[in-house]
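*Asks:* My structure is stored as entry.txt, with compact mmCIF, N, CA and C atoms.
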# COMPACT_ATOMS: atom_id res chain seq x y z
N MET A 27 91.23 -3.16 19.45
CA MET A 27 90.21 -2.16 19.63
C MET A 27 89.51 -2.42 20.96
N GLY A 28 89.22 -1.37 21.70
CA GLY A 28 88.61 -1.49 23.02
C GLY A 28 87.11 -1.54 22.98
N VAL A 29 86.54 -1.72 24.14
CA VAL A 29 85.10 -1.75 24.30
C VAL A 29 84.57 -0.33 24.21
N VAL A 30 83.43 -0.15 23.58
CA VAL A 30 82.82 1.17 23.44
C VAL A 30 81.69 1.29 24.45
N PHE A 31 81.73 2.35 25.23
CA PHE A 31 80.69 2.62 26.22
C PHE A 31 79.92 3.85 25.80
N GLY A 32 78.62 3.84 26.04
CA GLY A 32 77.81 5.03 25.82
C GLY A 32 77.93 5.95 27.01
N PRO A 33 77.59 7.21 26.85
CA PRO A 33 77.71 8.16 27.97
C PRO A 33 76.94 7.74 29.21
N GLU A 34 75.79 7.13 29.02
CA GLU A 34 75.00 6.73 30.18
C GLU A 34 75.60 5.54 30.90
N ASP A 35 76.48 4.78 30.24
CA ASP A 35 77.07 3.59 30.83
C ASP A 35 78.40 3.85 31.53
N ALA A 36 79.08 4.91 31.19
CA ALA A 36 80.46 5.11 31.64
C ALA A 36 80.58 5.12 33.16
N LEU A 37 79.68 5.76 33.86
CA LEU A 37 79.77 5.81 35.32
C LEU A 37 78.75 4.92 36.02
N LYS A 38 77.91 4.28 35.26
CA LYS A 38 76.86 3.44 35.84
C LYS A 38 77.47 2.35 36.72
N GLY A 39 77.19 2.42 38.01
CA GLY A 39 77.69 1.42 38.95
C GLY A 39 79.18 1.54 39.23
N ARG A 40 79.80 2.63 38.81
CA ARG A 40 81.24 2.75 38.96
C ARG A 40 81.66 3.93 39.84
N LYS A 41 80.74 4.58 40.50
CA LYS A 41 81.09 5.74 41.31
C LYS A 41 82.10 5.37 42.39
N ARG A 42 81.86 4.29 43.10
CA ARG A 42 82.78 3.86 44.16
C ARG A 42 84.13 3.47 43.56
N MET A 43 84.09 2.76 42.42
CA MET A 43 85.33 2.38 41.75
C MET A 43 86.10 3.62 41.32
N LEU A 44 85.41 4.63 40.81
CA LEU A 44 86.06 5.86 40.37
C LEU A 44 86.72 6.56 41.55
N LYS A 45 86.03 6.67 42.66
CA LYS A 45 86.61 7.33 43.83
C LYS A 45 87.85 6.60 44.32
N ARG A 46 87.82 5.27 44.30
CA ARG A 46 88.98 4.50 44.73
C ARG A 46 90.12 4.61 43.72
N ALA A 47 89.80 4.54 42.42
CA ALA A 47 90.83 4.59 41.38
C ALA A 47 91.46 5.97 41.28
N ALA A 48 90.70 7.01 41.57
CA ALA A 48 91.19 8.38 41.40
C ALA A 48 91.49 9.05 42.73
N ARG A 49 91.79 8.29 43.75
CA ARG A 49 92.00 8.84 45.08
C ARG A 49 93.18 9.81 45.15
N ASP A 50 94.12 9.71 44.21
CA ASP A 50 95.29 10.60 44.25
C ASP A 50 95.11 11.85 43.38
N LEU A 51 93.90 12.07 42.84
CA LEU A 51 93.65 13.24 42.02
C LEU A 51 93.16 14.40 42.89
N SER A 52 93.46 15.60 42.45
CA SER A 52 92.93 16.78 43.15
C SER A 52 91.43 16.87 42.88
N PRO A 53 90.69 17.59 43.71
CA PRO A 53 89.25 17.71 43.48
C PRO A 53 88.90 18.28 42.10
N ALA A 54 89.69 19.22 41.61
CA ALA A 54 89.43 19.79 40.28
C ALA A 54 89.62 18.75 39.19
N HIS A 55 90.69 17.95 39.30
CA HIS A 55 90.93 16.89 38.32
C HIS A 55 89.83 15.83 38.40
N MET A 56 89.43 15.50 39.62
CA MET A 56 88.38 14.49 39.81
C MET A 56 87.09 14.94 39.13
N GLU A 57 86.74 16.20 39.30
CA GLU A 57 85.52 16.73 38.68
C GLU A 57 85.63 16.67 37.15
N ARG A 58 86.78 17.04 36.63
CA ARG A 58 86.99 17.01 35.17
C ARG A 58 86.93 15.58 34.64
N VAL A 59 87.52 14.63 35.36
CA VAL A 59 87.47 13.22 34.96
C VAL A 59 86.03 12.74 34.94
N GLU A 60 85.26 13.08 35.96
CA GLU A 60 83.85 12.69 36.01
C GLU A 60 83.09 13.27 34.82
N ASP A 61 83.36 14.53 34.48
CA ASP A 61 82.71 15.14 33.31
C ASP A 61 83.06 14.40 32.03
N ILE A 62 84.31 14.04 31.87
CA ILE A 62 84.73 13.31 30.67
C ILE A 62 84.04 11.95 30.61
N LEU A 63 83.97 11.26 31.75
CA LEU A 63 83.34 9.94 31.77
C LEU A 63 81.83 10.03 31.53
N ARG A 64 81.18 11.07 32.06
CA ARG A 64 79.74 11.23 31.84
C ARG A 64 79.41 11.50 30.38
N GLY A 65 80.27 12.22 29.69
CA GLY A 65 80.05 12.55 28.28
C GLY A 65 80.89 11.69 27.35
N TRP A 66 81.07 10.44 27.70
CA TRP A 66 81.98 9.54 26.98
C TRP A 66 81.66 9.47 25.50
N ASP A 67 82.69 9.66 24.68
CA ASP A 67 82.58 9.49 23.23
C ASP A 67 83.92 8.98 22.71
N GLU A 68 84.11 8.98 21.41
CA GLU A 68 85.33 8.41 20.83
C GLU A 68 86.58 9.22 21.16
N LYS A 69 86.45 10.46 21.58
CA LYS A 69 87.60 11.30 21.90
C LYS A 69 87.89 11.37 23.40
N SER A 70 87.08 10.74 24.21
CA SER A 70 87.21 10.86 25.66
C SER A 70 88.52 10.28 26.18
N GLU A 71 88.93 9.14 25.65
CA GLU A 71 90.18 8.54 26.12
C GLU A 71 91.35 9.49 25.87
N GLN A 72 91.37 10.15 24.72
CA GLN A 72 92.43 11.10 24.41
C GLN A 72 92.40 12.30 25.36
N ARG A 73 91.20 12.76 25.71
CA ARG A 73 91.09 13.88 26.65
C ARG A 73 91.61 13.48 28.04
N LEU A 74 91.34 12.24 28.45
CA LEU A 74 91.88 11.77 29.73
C LEU A 74 93.40 11.72 29.69
N ILE A 75 93.96 11.26 28.58
CA ILE A 75 95.41 11.20 28.44
C ILE A 75 96.01 12.60 28.51
N GLU A 76 95.37 13.56 27.86
CA GLU A 76 95.86 14.94 27.90
C GLU A 76 95.79 15.51 29.31
N LEU A 77 94.75 15.16 30.05
CA LEU A 77 94.56 15.69 31.40
C LEU A 77 95.48 15.03 32.42
N LEU A 78 95.58 13.70 32.36
CA LEU A 78 96.28 12.94 33.39
C LEU A 78 97.65 12.41 32.98
N GLY A 79 97.93 12.36 31.71
CA GLY A 79 99.13 11.68 31.23
C GLY A 79 98.75 10.27 30.84
N GLU A 80 99.52 9.69 29.94
CA GLU A 80 99.14 8.39 29.37
C GLU A 80 99.07 7.27 30.40
N GLU A 81 100.11 7.12 31.22
CA GLU A 81 100.14 6.02 32.19
C GLU A 81 99.00 6.13 33.20
N ARG A 82 98.81 7.31 33.72
CA ARG A 82 97.76 7.52 34.73
C ARG A 82 96.37 7.30 34.15
N ALA A 83 96.14 7.78 32.93
CA ALA A 83 94.84 7.60 32.27
C ALA A 83 94.58 6.13 31.99
N LYS A 84 95.58 5.42 31.49
CA LYS A 84 95.43 3.99 31.20
C LYS A 84 95.15 3.21 32.48
N ARG A 85 95.85 3.58 33.57
CA ARG A 85 95.63 2.90 34.84
C ARG A 85 94.21 3.15 35.34
N LEU A 86 93.75 4.39 35.23
CA LEU A 86 92.39 4.73 35.67
C LEU A 86 91.36 3.93 34.88
N LEU A 87 91.51 3.89 33.56
CA LEU A 87 90.56 3.14 32.73
C LEU A 87 90.62 1.64 33.04
N ARG A 88 91.82 1.14 33.29
CA ARG A 88 91.95 -0.29 33.63
C ARG A 88 91.26 -0.59 34.95
N GLU A 89 91.45 0.30 35.94
CA GLU A 89 90.82 0.09 37.25
C GLU A 89 89.30 0.20 37.17
N LEU A 90 88.82 1.01 36.22
CA LEU A 90 87.37 1.15 36.02
C LEU A 90 86.83 0.07 35.08
N GLN A 91 87.72 -0.81 34.62
CA GLN A 91 87.38 -1.89 33.70
C GLN A 91 86.78 -1.36 32.42
N MET A 92 87.36 -0.27 31.92
CA MET A 92 86.88 0.34 30.69
C MET A 92 87.90 0.21 29.57
N GLU A 93 89.00 -0.45 29.82
CA GLU A 93 90.01 -0.60 28.80
C GLU A 93 90.04 -2.00 28.27
Give the structure from the file, written as structure tokens.
*Replies:*
Amino acid sequence: MGVVFGPEDALKGRKRMLKRAARDLSPAHMERVEDILRGWDEKSEQRLIELLGEERAKRLLRELQME
């Protein structure tokens, strides 16, 4: 089981990390990923997988140290 983050914690101090980790995303995808991370809940990881694909979502979460 992974670490649980609250919505206020998901992007706290991670904006630079997010930009570096998601540098290959289109601006629309980047905005959607930011929205998912800001509203983090128990279904957010699944929404990221649906948006980015499993490997890409797992890599993004690993780079953000959220996995």
*Asks:* By how many Å are atom N of Leu90 (chain A) and atom N of Ala47 (chain A) apart?
*Replies:* 7.2 Å
*Asks:* Under the rule that only C-alpha atoms are counted, which of A:Lys84, A:Ser70, A:His55, A:Leu63 is the nearest residue to Arg40 (chain A)?
*Replies:*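 Ranked by minimum distance to Arg40 (chain A), first place goes to A:Leu63.
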*Asks:* Residues within 10 Å of Met43 (chain A), please, as a ChimeraX atom specification. Count only C-alpha atoms; anything in the same chain fewer than 5 positions from it doesn't count.
*Replies:* /A:37,48-49,86,89-91
*Asks:* CA of Val59 (chain A) to CA of Leu77 (chain A): how many Å, to one decimal?
*Replies:*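 CA of Val59 (chain A) sits 8.3 Å away from CA of Leu77 (chain A).
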*Asks:* List the spatial neighbours of Ala83 (chain A) as a PyMOL selection string - criterion: any atom at most 8 Å away, all atoms listed in the file, same-chain residues fewer than 5 positions off excluded.
*Replies:* chain A and resi 71+73-78+88-89
*Asks:* Mind giving me the straight-line distance from CA of Glu68 (chain A) to atom N of Pro53 (chain A) in Å, one decimal?
*Replies:*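 Atom N of Pro53 (chain A) lies 25.2 Å from CA of Glu68 (chain A).
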